[in-house]
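Trainee: There's a structure below that I have some questions on.
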Amino acid sequence: MNPRDALADSTVDVKIHRALRRGTTYGPMLPEGELEDDGAERGIVFIFMGTDLVRQFEFLKTQWANDGDFVGLGIEKDPLVGDNDATGTFTIPRRPIRRRLQQLPRFTITKGGEYLFMPGLRALNWLAELED
């Protein structure tokens, strides 16, 4: 979810939206050639670590995943993690001619989520110095 060179001529500083994120899959893979959900529990567990919830995670989800207007793409959404409903489009900024994908279905379904906060180093040091 990083526009990289799409904002090269913009006043937007993509560096302030950087964050550490990692994911891992769980459950069995779909059998070869199978495209329909067989009901088995499978998915991705995703962890996001940052210092500013609004400037990083919330910004990435709202502006870069679900609002393409920041790079001149109107209301286009990210094709993989955007809130797609099979009615929108997604434009791939290629040169000399852009490629446009039509009627993208929803690929990602969020089943739950938590905001968990980790204390900073100063707080951890303070906790470590507490007596029993």
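Residue numbers start at 1 in each chain; chains themselves are named A, B, ... in the order of the structure tokens; ligands are numbered from 1 in the order shown.
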List every residue of chain A that DSSP, applied to the backbone, labels as alpha helix (DSSP H), and write the result as a ChimeraX atom specification.
Mentor: /A:59,121-128
Trainee: Emit the selected residues as a JSON list (two decimals), in the first residue's frame, including all heavy atoms.
Mentor:
[["chain", "number", "residue", "atom", "x", "y", "z"],
["A", 59, "PHE", "N", -4.71, 6.26, 8.05],
["A", 59, "PHE", "CA", -4.44, 6.93, 6.78],
["A", 59, "PHE", "C", -4.29, 5.92, 5.65],
["A", 59, "PHE", "O", -4.87, 6.08, 4.57],
["A", 59, "PHE", "CB", -3.19, 7.80, 6.88],
["A", 59, "PHE", "CG", -2.83, 8.49, 5.60],
["A", 59, "PHE", "CD1", -3.37, 9.72, 5.30],
["A", 59, "PHE", "CD2", -1.98, 7.88, 4.69],
["A", 59, "PHE", "CE1", -3.06, 10.36, 4.10],
["A", 59, "PHE", "CE2", -1.67, 8.51, 3.49],
["A", 59, "PHE", "CZ", -2.20, 9.74, 3.19],
["A", 121, "LEU", "N", 9.80, 2.71, 25.35],
["A", 121, "LEU", "CA", 10.97, 2.29, 26.13],
["A", 121, "LEU", "C", 11.02, 2.96, 27.49],
["A", 121, "LEU", "O", 11.38, 2.33, 28.50],
["A", 121, "LEU", "CB", 12.26, 2.56, 25.36],
["A", 121, "LEU", "CG", 12.51, 1.67, 24.15],
["A", 121, "LEU", "CD1", 13.77, 2.11, 23.42],
["A", 121, "LEU", "CD2", 12.64, 0.22, 24.58],
["A", 122, "ARG", "N", 10.65, 4.24, 27.57],
["A", 122, "ARG", "CA", 10.67, 4.93, 28.85],
["A", 122, "ARG", "C", 9.69, 4.28, 29.84],
["A", 122, "ARG", "O", 10.01, 4.07, 31.00],
["A", 122, "ARG", "CB", 10.35, 6.41, 28.65],
["A", 122, "ARG", "CG", 10.65, 7.23, 29.89],
["A", 122, "ARG", "CD", 10.74, 8.69, 29.58],
["A", 122, "ARG", "NE", 9.41, 9.25, 29.37],
["A", 122, "ARG", "CZ", 9.18, 10.52, 29.10],
["A", 122, "ARG", "NH1", 10.20, 11.34, 28.94],
["A", 122, "ARG", "NH2", 7.97, 10.97, 28.95],
["A", 123, "ALA", "N", 8.51, 3.93, 29.35],
["A", 123, "ALA", "CA", 7.52, 3.27, 30.21],
["A", 123, "ALA", "C", 7.98, 1.88, 30.61],
["A", 123, "ALA", "O", 7.80, 1.46, 31.76],
["A", 123, "ALA", "CB", 6.17, 3.20, 29.51],
["A", 124, "LEU", "N", 8.59, 1.15, 29.70],
["A", 124, "LEU", "CA", 9.10, -0.19, 30.03],
["A", 124, "LEU", "C", 10.20, -0.11, 31.09],
["A", 124, "LEU", "O", 10.25, -0.92, 32.01],
["A", 124, "LEU", "CB", 9.60, -0.90, 28.77],
["A", 124, "LEU", "CG", 8.54, -1.34, 27.78],
["A", 124, "LEU", "CD1", 9.19, -1.88, 26.51],
["A", 124, "LEU", "CD2", 7.60, -2.38, 28.39],
["A", 125, "ASN", "N", 11.09, 0.87, 30.95],
["A", 125, "ASN", "CA", 12.14, 1.06, 31.96],
["A", 125, "ASN", "C", 11.54, 1.41, 33.32],
["A", 125, "ASN", "O", 11.98, 0.92, 34.35],
["A", 125, "ASN", "CB", 13.13, 2.15, 31.52],
["A", 125, "ASN", "CG", 14.05, 1.66, 30.43],
["A", 125, "ASN", "OD1", 14.38, 0.48, 30.36],
["A", 125, "ASN", "ND2", 14.46, 2.57, 29.56],
["A", 126, "TRP", "N", 10.52, 2.27, 33.32],
["A", 126, "TRP", "CA", 9.86, 2.63, 34.57],
["A", 126, "TRP", "C", 9.23, 1.40, 35.22],
["A", 126, "TRP", "O", 9.35, 1.19, 36.42],
["A", 126, "TRP", "CB", 8.79, 3.70, 34.28],
["A", 126, "TRP", "CG", 8.05, 4.12, 35.50],
["A", 126, "TRP", "CD1", 8.45, 5.02, 36.44],
["A", 126, "TRP", "CD2", 6.76, 3.64, 35.94],
["A", 126, "TRP", "NE1", 7.50, 5.15, 37.43],
["A", 126, "TRP", "CE2", 6.44, 4.30, 37.12],
["A", 126, "TRP", "CE3", 5.86, 2.72, 35.42],
["A", 126, "TRP", "CZ2", 5.27, 4.07, 37.82],
["A", 126, "TRP", "CZ3", 4.68, 2.49, 36.09],
["A", 126, "TRP", "CH2", 4.39, 3.17, 37.28],
["A", 127, "LEU", "N", 8.56, 0.57, 34.41],
["A", 127, "LEU", "CA", 7.94, -0.65, 34.93],
["A", 127, "LEU", "C", 9.00, -1.61, 35.50],
["A", 127, "LEU", "O", 8.78, -2.26, 36.51],
["A", 127, "LEU", "CB", 7.12, -1.36, 33.84],
["A", 127, "LEU", "CG", 5.81, -0.69, 33.44],
["A", 127, "LEU", "CD1", 5.25, -1.36, 32.20],
["A", 127, "LEU", "CD2", 4.83, -0.76, 34.59],
["A", 128, "ALA", "N", 10.13, -1.69, 34.82],
["A", 128, "ALA", "CA", 11.21, -2.59, 35.25],
["A", 128, "ALA", "C", 11.80, -2.18, 36.59],
["A", 128, "ALA", "O", 12.28, -3.02, 37.36],
["A", 128, "ALA", "CB", 12.31, -2.66, 34.19]]
Trainee: Can you list, as an MDAnalysis selection string, every protein, DNA or RNA residue that comes within 7 Å of range 25-33 of chain A when you count only C-alpha atoms, leaving out same-chain residues fewer than 6 positions away?
Mentor: chainID A and resid 41:45
Trainee: Please dump the current selection as a PDB file, in the first residue's frame; keep C-alpha atoms.
Mentor:
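File written: result-v9.pdb
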ATOM      1  CA  GLU A  41     -10.846 -21.899   8.219  1.00  0.00           C
ATOM      2  CA  ARG A  42      -8.029 -20.101   6.447  1.00  0.00           C
ATOM      3  CA  GLY A  43      -6.727 -16.591   6.169  1.00  0.00           C
ATOM      4  CA  ILE A  44      -4.047 -14.152   7.204  1.00  0.00           C
ATOM      5  CA  VAL A  45      -3.099 -12.927  10.658  1.00  0.00           C
TER       6      VAL A  45
END
Trainee: When you look at Leu20 in chain A with a cut-off of 8 Å (counting only C-alpha atoms), what residues show up, excluding the ones that are within fewer than 4 positions of it in the same chain? I need them as a list in words.
Mentor: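 Listing them by chain and then by number gives Phe48, Met49 and Gly50 of chain A.
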Trainee: Considering only C-alpha atoms, state which residue in the set A:Glu58, A:Tyr115, A:Asp67, A:Thr87 is at the smallest distance from Gln102 in chain A.
Mentor: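 Closest residue, counting only C-alpha atoms: A:Thr87.
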Trainee: Mind pulling up the distance from CA of Val54 in chain A to CA of Ala19 in chain A?
Mentor: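 The value is 11.8 Å.
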Trainee: Quick one: distance from CA of Lys77 in chain A to CA of Lys111 in chain A in Å, one decimal?
Mentor: 19.4 Å
Trainee: Taking the backbone alone, and naming residues the way the document does, which bits of chain A are strand (DSSP E or B) by DSSP, as a ChimeraX atom specification?
Mentor: /A:20-26,43-49,89-92,99-102
Trainee: Could you list, as number ranges by chain, every residue within 10 Å of Ile109 in chain A, counting only C-alpha atoms and ignoring same-chain residues fewer than 6 positions away?
Mentor: A: 43, 81-83
Trainee: With all heavy atoms kept, could you save the residues just selected as a PDB file, in the first residue's frame?
Mentor:
ATOM      1  N   GLY A  43      -6.820 -18.032   6.307  1.00  0.00           N
ATOM      2  CA  GLY A  43      -6.727 -16.591   6.169  1.00  0.00           C
ATOM      3  C   GLY A  43      -5.346 -16.080   6.487  1.00  0.00           C
ATOM      4  O   GLY A  43      -4.363 -16.809   6.406  1.00  0.00           O
ATOM      5  N   VAL A  81      -6.994  -5.098  -0.971  1.00  0.00           N
ATOM      6  CA  VAL A  81      -7.472  -4.849   0.393  1.00  0.00           C
ATOM      7  C   VAL A  81      -8.531  -3.760   0.481  1.00  0.00           C
ATOM      8  O   VAL A  81      -9.021  -3.454   1.552  1.00  0.00           O
ATOM      9  CB  VAL A  81      -6.307  -4.510   1.355  1.00  0.00           C
ATOM     10  CG1 VAL A  81      -5.335  -5.660   1.443  1.00  0.00           C
ATOM     11  CG2 VAL A  81      -5.602  -3.231   0.931  1.00  0.00           C
ATOM     12  N   GLY A  82      -8.912  -3.190  -0.657  1.00  0.00           N
ATOM     13  CA  GLY A  82      -9.941  -2.150  -0.666  1.00  0.00           C
ATOM     14  C   GLY A  82     -11.323  -2.728  -0.436  1.00  0.00           C
ATOM     15  O   GLY A  82     -11.566  -3.925  -0.594  1.00  0.00           O
ATOM     16  N   ASP A  83     -12.246  -1.858  -0.091  1.00  0.00           N
ATOM     17  CA  ASP A  83     -13.634  -2.235   0.188  1.00  0.00           C
ATOM     18  C   ASP A  83     -14.413  -2.342  -1.130  1.00  0.00           C
ATOM     19  O   ASP A  83     -15.343  -1.597  -1.381  1.00  0.00           O
ATOM     20  CB  ASP A  83     -14.244  -1.185   1.117  1.00  0.00           C
ATOM     21  CG  ASP A  83     -15.609  -1.588   1.617  1.00  0.00           C
ATOM     22  OD1 ASP A  83     -15.939  -2.788   1.575  1.00  0.00           O
ATOM     23  OD2 ASP A  83     -16.368  -0.699   2.033  1.00  0.00           O
TER      24      ASP A  83
END
Trainee: Between CA of Arg18 in chain A and CA of Leu104 in chain A, what is the distance, to one decimal in Å?
Mentor: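 Atom-to-atom, CA of Arg18 in chain A and CA of Leu104 in chain A are spaced 26.8 Å apart.
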